[in-house]
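This report refers to the structure that appears directly beneath it.
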Amino acid sequence: MKTRVITAAVGLAVLAIVLAFFNTVLFDLVLSAVCLIAVHEVFTAMGFGKKQWYLYAVAIPFTLMVMLTTTQVARLLVLPVSFLVVLFFNICQIAHLRTLDFGKLTGYVYFSGVIIFCFYSLIHLKRVLPFELYHYDAVYFILLILCFAWGGDTAAYFAGRAFGKHKLAPLVSPKKTVEGAVGGVLGSILAGVLLTGAYMALSGHYDVITLQVRPRHYLILVLLGAIASVLGILGDLFASAVKRQVGLKDYGTIFPGHGGILDRFDSVMFIAPFVAIVVRYFFYLF
């Protein structure tokens with residue numbers, strides 16, 4: 001537990017430093033690096049190694065292109081380059097028929113797509129809420145995503161230990177309970193409300209957010225927090241299901257006591273795209 005707490009504290013400090021450079025390309029590069037580490041964790045989890053280096057090699061420029069689409073030219077390249085990447089994987093399957101397992105290749109491509117989708121969603125918030133117009137609104141929503149995910153995880157853990165009796169998905173994750181999931185939903189909502197309250201308090205003294213949060217926005221936060229928590233549980237169970245099938249305990253060791261990037265961000269996978277999609281519709285249109 002001590003190792004987990006120390007790792008979490010260091011991780012939060014690093015997060016604060018990264019967010020301090022939110023309005024620079026460094027933020028995009030750090031997210032790209034984290035995304036590529038997560039993709040490599042999947043690459044390894046599927047049983048690929050040095051002999052299949054080409055599968056990961058093609059993921060590097062493709063991921064960077066998607067994550068760093070800051071120009072119109074780069075955005076125009078996404079579709080044709082995506083086609084070429086898909087074509088490349090198909091050719092690999094044909095050329096390595098006897099040695100390249102289709103199930104593992106499909107799992108690698110699909111899971112990598114989910115990961116890129118997740119981390120790009122954070123950069124997408126930076127694009128749709130540019131600093132020049134919205135100041136640190138995008139940072140607020142990025143923190144909201146993390147609060148929904150990690151607040152729910154923490155609450156689910158303690159609620160499950162205190163009240164857990166009914167198994168949620170015993171074949172996938174035996175320790176998860178229905179009671180823990182309910183606690184996770186409440187934890188996500190509470191974390192989101194507390195973050196918003198803190199932001200509103202700061203906005204009275206500092207120019208940190210342009211969004212004028214009204215009582216109806218808190219009702220929206222409750223609904224978003226509940227849905228996000230369910231999506232977080234889904235992401236967690238999905239990552240656990242893959243680990244069980246490939247026989248892994250953790251995806252990596254980059255976070256002592258926590259595992260790899262995917263072990264720490266599994267609950268973020270589906271929350272990030274969800275929040276990035278609904279932000280403009282629920283917070284700025286009315």
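In the structure tokens, chains take the letters A, B, ... in the order shown, each chain's residues start at 1, and ligands count up from 1 in the order shown.
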When you look at segment 116-130 of chain A with a cut-off of 9 Å (counting only C-alpha atoms), what residues show up, excluding the ones that are within fewer than 4 positions of it in the same chain? I need them as a CSV table (one decimal) with C-alpha atoms, in the first residue's frame.
```
chain,number,residue,atom,x,y,z
A,22,PHE,CA,-0.9,22.5,-21.5
A,23,ASN,CA,-0.8,25.3,-24.1
A,27,PHE,CA,1.6,18.5,-23.7
A,28,ASP,CA,0.8,16.8,-27.0
A,31,LEU,CA,0.4,12.3,-24.3
A,32,SER,CA,1.8,10.8,-27.5
A,34,VAL,CA,2.2,7.8,-23.0
A,35,CYS,CA,-0.1,6.5,-25.8
A,36,LEU,CA,2.8,4.7,-27.5
A,39,VAL,CA,0.3,0.5,-27.4
A,63,THR,CA,0.0,7.4,-33.6
A,66,VAL,CA,-3.1,11.3,-35.1
A,67,MET,CA,-2.0,12.8,-31.8
A,68,LEU,CA,-0.2,15.8,-33.5
A,70,THR,CA,-2.4,20.5,-35.4
A,111,PHE,CA,-7.0,-2.5,-28.6
A,112,SER,CA,-4.4,-0.1,-30.0
A,134,TYR,CA,-11.5,29.4,-23.4
A,135,HIS,CA,-8.4,29.8,-21.2
A,136,TYR,CA,-8.1,26.7,-19.0
A,137,ASP,CA,-11.5,25.2,-19.7
A,138,ALA,CA,-10.0,22.2,-21.5
A,139,VAL,CA,-7.7,21.5,-18.5
A,141,PHE,CA,-12.5,18.9,-18.5
A,142,ILE,CA,-9.3,16.8,-18.7
A,145,ILE,CA,-12.3,12.9,-16.9
A,268,VAL,CA,-10.2,6.3,-18.6
A,269,MET,CA,-10.4,4.5,-22.0
A,270,PHE,CA,-14.1,5.1,-22.6
A,271,ILE,CA,-14.7,8.0,-20.3
A,272,ALA,CA,-12.3,10.3,-22.2
A,273,PRO,CA,-14.1,10.0,-25.6
A,274,PHE,CA,-17.5,10.3,-23.9
A,275,VAL,CA,-16.7,13.5,-22.1
A,276,ALA,CA,-14.9,15.0,-25.1
A,277,ILE,CA,-18.0,14.4,-27.3
A,279,VAL,CA,-18.8,18.8,-23.6
A,280,ARG,CA,-19.8,21.2,-26.3
```
For Phe158 of chain A, work out the shell of residues within 12 Å, counting only C-alpha atoms and skipping chain neighbours fewer than 6 positions away, then give it as number ranges by chain. A: 151-152, 164, 175-177, 179-184, 186-187
Name the residues of segment 10-221 of chain A that come out as helix (DSSP H, G or I) in a backbone DSSP run; write them as a PyMOL selection string. chain A and resi 10-20+25-45+50-67+72-95+102-128+131-134+137-163+178-203+215-221
Contact residues around Leu105 of chain A with only C-alpha atoms at 10 Å, ignoring same-chain residues under 4 positions, as a ChimeraX atom specification: /A:43,46-48,55,89-90,92-93,100-101,109-111
Can you tell me which residues surround Phe265 of chain A at a distance of at most 9 Å, considering only C-alpha atoms, apart from same-chain residues fewer than 4 positions away, and format the answer as a ChimeraX atom specification? /A:146,149-150,235-236,260-261,269
Take the residues just selected and output them with N, CA and C atoms as an mmCIF file, in the first residue's frame.
```
data_model
loop_
_atom_site.group_PDB
_atom_site.id
_atom_site.type_symbol
_atom_site.label_atom_id
_atom_site.label_comp_id
_atom_site.auth_asym_id
_atom_site.auth_seq_id
_atom_site.Cartn_x
_atom_site.Cartn_y
_atom_site.Cartn_z
ATOM 1 N N LEU A 146 -10.373 12.535 -15.415
ATOM 2 C CA LEU A 146 -9.554 11.774 -14.473
ATOM 3 C C LEU A 146 -10.253 11.610 -13.129
ATOM 4 N N ALA A 149 -12.842 8.935 -13.489
ATOM 5 C CA ALA A 149 -12.223 7.608 -13.568
ATOM 6 C C ALA A 149 -11.601 7.187 -12.239
ATOM 7 N N TRP A 150 -10.682 7.993 -11.741
ATOM 8 C CA TRP A 150 -9.930 7.583 -10.562
ATOM 9 C C TRP A 150 -10.720 7.778 -9.275
ATOM 10 N N GLY A 235 -14.458 -0.203 -19.112
ATOM 11 C CA GLY A 235 -13.065 -0.179 -19.550
ATOM 12 C C GLY A 235 -12.192 -1.066 -18.688
ATOM 13 N N ASP A 236 -12.417 -1.008 -17.386
ATOM 14 C CA ASP A 236 -11.665 -1.830 -16.441
ATOM 15 C C ASP A 236 -11.900 -3.318 -16.716
ATOM 16 N N GLY A 260 1.156 -1.160 -15.304
ATOM 17 C CA GLY A 260 1.522 -0.381 -16.479
ATOM 18 C C GLY A 260 0.573 0.771 -16.745
ATOM 19 N N ILE A 261 0.783 1.420 -17.878
ATOM 20 C CA ILE A 261 -0.086 2.527 -18.287
ATOM 21 C C ILE A 261 -1.531 2.064 -18.361
ATOM 22 N N MET A 269 -10.329 4.809 -20.571
ATOM 23 C CA MET A 269 -10.424 4.516 -22.000
ATOM 24 C C MET A 269 -11.724 4.969 -22.660
#
```
Once DSSP has gone over the backbone, tell me which residues of segment 124-231 of chain A are in strand (DSSP E or B), as a list in words.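 The strand (DSSP E or B) residues within segment 124-231 of chain A come out as Lys167, Leu168, Ala169, Ser173, Pro174, Lys175, Lys176 and Thr177 of chain A.
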Next, write the just-selected residues to a file, as a PDB file, in the first residue's frame, keeping C-alpha atoms as the atom set.
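Listed below is the output, out-v3.pdb:
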```pdb
ATOM      1  CA  LYS A 167     -19.894 -10.503  -7.502  1.00  0.00           C
ATOM      2  CA  LEU A 168     -20.116  -8.172 -10.495  1.00  0.00           C
ATOM      3  CA  ALA A 169     -18.196 -10.214 -13.095  1.00  0.00           C
ATOM      4  CA  SER A 173     -12.554  -9.817 -12.187  1.00  0.00           C
ATOM      5  CA  PRO A 174     -13.438 -11.906  -9.101  1.00  0.00           C
ATOM      6  CA  LYS A 175     -12.793  -9.081  -6.622  1.00  0.00           C
ATOM      7  CA  LYS A 176     -15.239  -6.618  -8.191  1.00  0.00           C
ATOM      8  CA  THR A 177     -18.673  -6.447  -6.575  1.00  0.00           C
TER       9      THR A 177
END
```
From A:Leu262, A:Tyr56, A:Gly225, A:Tyr281, residue lying nearest Lys243 of chain A [only C-alpha atoms]: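 Of all the options, A:Leu262 lies closest to Lys243 of chain A.
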From the list A:Ala8, A:Leu194, A:Leu211, A:Leu79, which residue is nearest Leu144 of chain A when using only C-alpha atoms?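 Of A:Ala8, A:Leu194, A:Leu211, A:Leu79, the one nearest Leu144 of chain A is A:Leu194, counting only C-alpha atoms.
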Contacts of segment 195-197 of chain A at 10 Å (only C-alpha atoms; same-chain gap of 5+ positions) as a list in words: Tyr140, Phe141, Leu143, Leu144, Cys147, Phe148, Leu190, Leu202, Ser203, Val213, His217, Tyr218 and Leu221 of chain A
Dump C-alpha atoms for the selected residues as a short mmCIF file (atom, residue, chain, number, x, y, z; two decimals), in the first residue's frame?
```cif
data_model
loop_
_atom_site.label_atom_id
_atom_site.label_comp_id
_atom_site.auth_asym_id
_atom_site.auth_seq_id
_atom_site.Cartn_x
_atom_site.Cartn_y
_atom_site.Cartn_z
CA TYR A 140 -10.86 21.48 -16.29
CA PHE A 141 -12.50 18.85 -18.52
CA LEU A 143 -9.20 16.81 -14.85
CA LEU A 144 -12.93 16.02 -14.79
CA CYS A 147 -11.73 12.55 -11.45
CA PHE A 148 -14.59 10.52 -12.90
CA LEU A 190 -18.68 13.32 -5.83
CA LEU A 202 -10.62 29.64 -8.03
CA SER A 203 -12.36 31.46 -10.87
CA VAL A 213 -21.37 26.98 -14.02
CA HIS A 217 -24.72 22.24 -14.75
CA TYR A 218 -24.39 20.38 -11.46
CA LEU A 221 -22.45 16.65 -13.80
#
```
Find the residue from A:Val246, A:Val85, A:Ala198, A:Ala59 that sits nearest to Lys104 of chain A; use only C-alpha atoms when measuring.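 So, comparing all the options, the nearest one is A:Val246.
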Could you check the closest approach to Gln212 of chain A for each of A:Ile17, A:Gln52, A:Tyr284, A:Tyr157 and tell me which residue wins, using only C-alpha atoms?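 Between A:Ile17, A:Gln52, A:Tyr284, A:Tyr157, the residue approaching Gln212 of chain A most closely is A:Tyr284.
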Could you check how far atom CA of Ala9 of chain A sits from atom CA of Val114 of chain A, in Å to one decimal? 27.1 Å
